[in-house]
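Colleague: Let me begin by handing over the structure; questions about it come next.
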Amino acid sequence: MNPLKIGLVVHGPEIVDSGYAQKFIEFLGNYGVVKSRLGGTMGRTAVIDAHLEDKIDISQKLFPSQSVDKFNQENCDVIFLINYGKSSVTGHAFGYKVYNNSQGQPPLIQIERPGEEDGSVVAWRGDLEKLAEDVSIKLGLLRVSPDQIKKKLFNEDPCQAISGSICRKIAGVSPDENIFVNGIVIGKSKSSDVAIITEDGIIIDIVGGELKKHGVEKLGTVNLERAIVKTGLLRKSIVEPRIIKSEKSNNRFTVSYLNHAAEDIYRLKNADMVVTVGDDTTLVAADILYRFNVPIIGITDGDVDKVVEEGHKAEGSLIIELDAGFDDLAGDKVFLELFNRKETIEIENIENFKSKLLQIISEITSNYKLIQ
């Protein structure tokens, strides 16, 4: 067999934290020349912690299907999608979505949950069956067909009873898990049969779950069919975070503003400080920016959902906890009066900046708590 031109799409922190991303880069090298890139956001931190940024391209923020499309445009003979889903159901549902959101019919093979008894290999295109079988035998993984996956996905669909709205079933949910849409917690599951319903792009209900109105407001309008939907924790593994040293000026300081956890937090890694608004945004941003030694000032209201197993924040960080619903109000006022509605500003003194920020908050409410 001639050496293949192979694209490898790495998705999610678990496949990296488990060590399988590194193993598959080496394993697939037996079949040809491998080029790897990340698909998705949360895996980026895992790649940095694992010292793999020279092997897995994390330079762009791409959806998994966009990473597949880029490899397809580069005329790869085969594209492998590697993932470590919470269950085989969620993993296969993810692969189905990626394949259907990709342009045309890319030569895609999925390797799912490789360290588990139900670990599997899926050839999403018929002409890849032979290669998928060879890979599955060598890795000791099950072979699962797209038809088997579709049958399971569309059986007992809670959306069948819904009409007049857009409804999307969520596969492989357990009760009491956070439900994320495009990185924002919009509710909690109450059963294993869960579906999200939108009208005019706004989420109006969760079948088998409980809606979080504040999250829905923050999300705004959404294309439910193409949205990134996740449940559970964004990152389950507890790993030793890797701190990346950077040269920063001592003369003037750059301060950025962030009020949406789904935005590209990594573009703020060179800031001297970041002001974050909202509990989930603060938790995720603090954990990522810790790697780059960037402290945060988090404006929160104590409505925190557990989105990562273990969060970190850089030295010099400050959390300001307000009463319920006041975080957005305070954030808007800070953005207007301190940032002049600019995403990034330059200041001369960080302590003076903190004092001005706390003064603005004091004008809104005297009822707040500072957590260093």
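In the structure tokens, the first chain shown is A, the next is B, and so on; residue numbers restart at 1 for each chain, and ligands run from 1 in the order shown.
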Can you list, as a list in words, every protein, DNA or RNA residue that comes within 10 Å of Thr221 in chain A when you count only C-alpha atoms, leaving out same-chain residues fewer than 5 positions away?
Modeller: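 The contact residues come out as Thr198, Glu199, Asp200, Gly201, Ile202, Ile203 and Val216 of chain A.
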Colleague: As number ranges by chain, please: the residues near range 67-71 of chain A (cut-off 8 Å, only C-alpha atoms, same-chain neighbours under 4 positions excluded).
Modeller: A: 7, 9, 37-39, 62-63, 75-76, 79, 102-103, 106
Colleague: When you draw a straight line from CA of Asp332 in chain A to CA of Gly298 in chain A, how long is it in Å?
Modeller: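 Computing the Euclidean distance for CA of Asp332 in chain A and CA of Gly298 in chain A yields 13.3 Å.
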Colleague: Quick one: residues within 10 Å of Glu225 in chain A, only C-alpha atoms counted, chain neighbours fewer than 3 positions away excluded, as a PyMOL selection string?
Modeller: chain A and resi 97+101+166-168+222+228-229
Colleague: Tell me which protein, DNA and RNA residues are within 12 Å of Leu28 in chain A, counting only C-alpha atoms, leaving out same-chain ones fewer than 6 positions away, and put them as a ChimeraX atom specification.
Modeller: /A:3-8,20-22,34-36,78-82,111,131-132,134-135,138-139
Colleague: Going by DSSP on the backbone, which bits of range 163-225 of chain A are alpha helix (DSSP H)? Write them as a CSV table (one decimal) with C-alpha atoms, in the first residue's frame, please.
Modeller:
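Result file is result10.csv:
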```csv
chain,number,residue,atom,x,y,z
A,213,LYS,CA,-33.0,31.6,31.9
A,214,HIS,CA,-29.9,33.6,32.6
A,215,GLY,CA,-27.9,31.3,30.4
A,216,VAL,CA,-30.5,31.5,27.6
A,217,GLU,CA,-30.5,35.3,27.7
A,218,LYS,CA,-26.7,35.3,27.5
A,219,LEU,CA,-26.7,32.9,24.6
```
Colleague: Check the smallest atom-to-atom distance from each of A:Gly187, A:Leu108, A:Ile361, A:Asp147 to Phe335 in chain A using only C-alpha atoms, then report the winner.
Modeller: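 The shortest atom-to-atom distance to Phe335 in chain A comes from A:Ile361.
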Colleague: Given the choices A:Ile238, A:Val294, A:Ala330, A:Ile196, which gets closest to Cys159 in chain A if the distance is worked out from only C-alpha atoms?
Modeller: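 Using only C-alpha atoms, Cys159 in chain A sits closest to A:Ile196.
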Colleague: Nearest residue to Val274 in chain A out of A:Gly220, A:Gly316, A:Gly115, A:Pro241, using only C-alpha atoms?
Modeller: A:Gly316
Colleague: For Val255 in chain A, which residue among A:Lys354, A:Lys130, A:Lys55, A:Lys152 is the nearest when counting only C-alpha atoms?
Modeller: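 Nearest to Val255 in chain A: A:Lys354.
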Colleague: Can you pull out every residue from range 59-158 of chain A that DSSP, working from the backbone, puts in strand (DSSP E or B), and format the result as a list in words?
Modeller: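 Across range 59-158 of chain A, those assigned strand (DSSP E or B) are Val78, Ile79, Phe80, Leu81, Ile82, Asn83, Leu108, Ile109, Gln110, Ile111, Glu112, Ser120, Val121, Val122, Ala123, Leu142 and Arg143 of chain A.
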Colleague: Point out the residue among A:Gly140, A:Leu338, A:Lys212, A:Lys188 with the least atom-to-atom distance to Asn352 in chain A, counting only C-alpha atoms.
Modeller: A:Leu338
Colleague: Just how far from CA of His260 in chain A is CA of Gln66 in chain A, in Å to one decimal?
Modeller: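 A separation of 21.6 Å between them.
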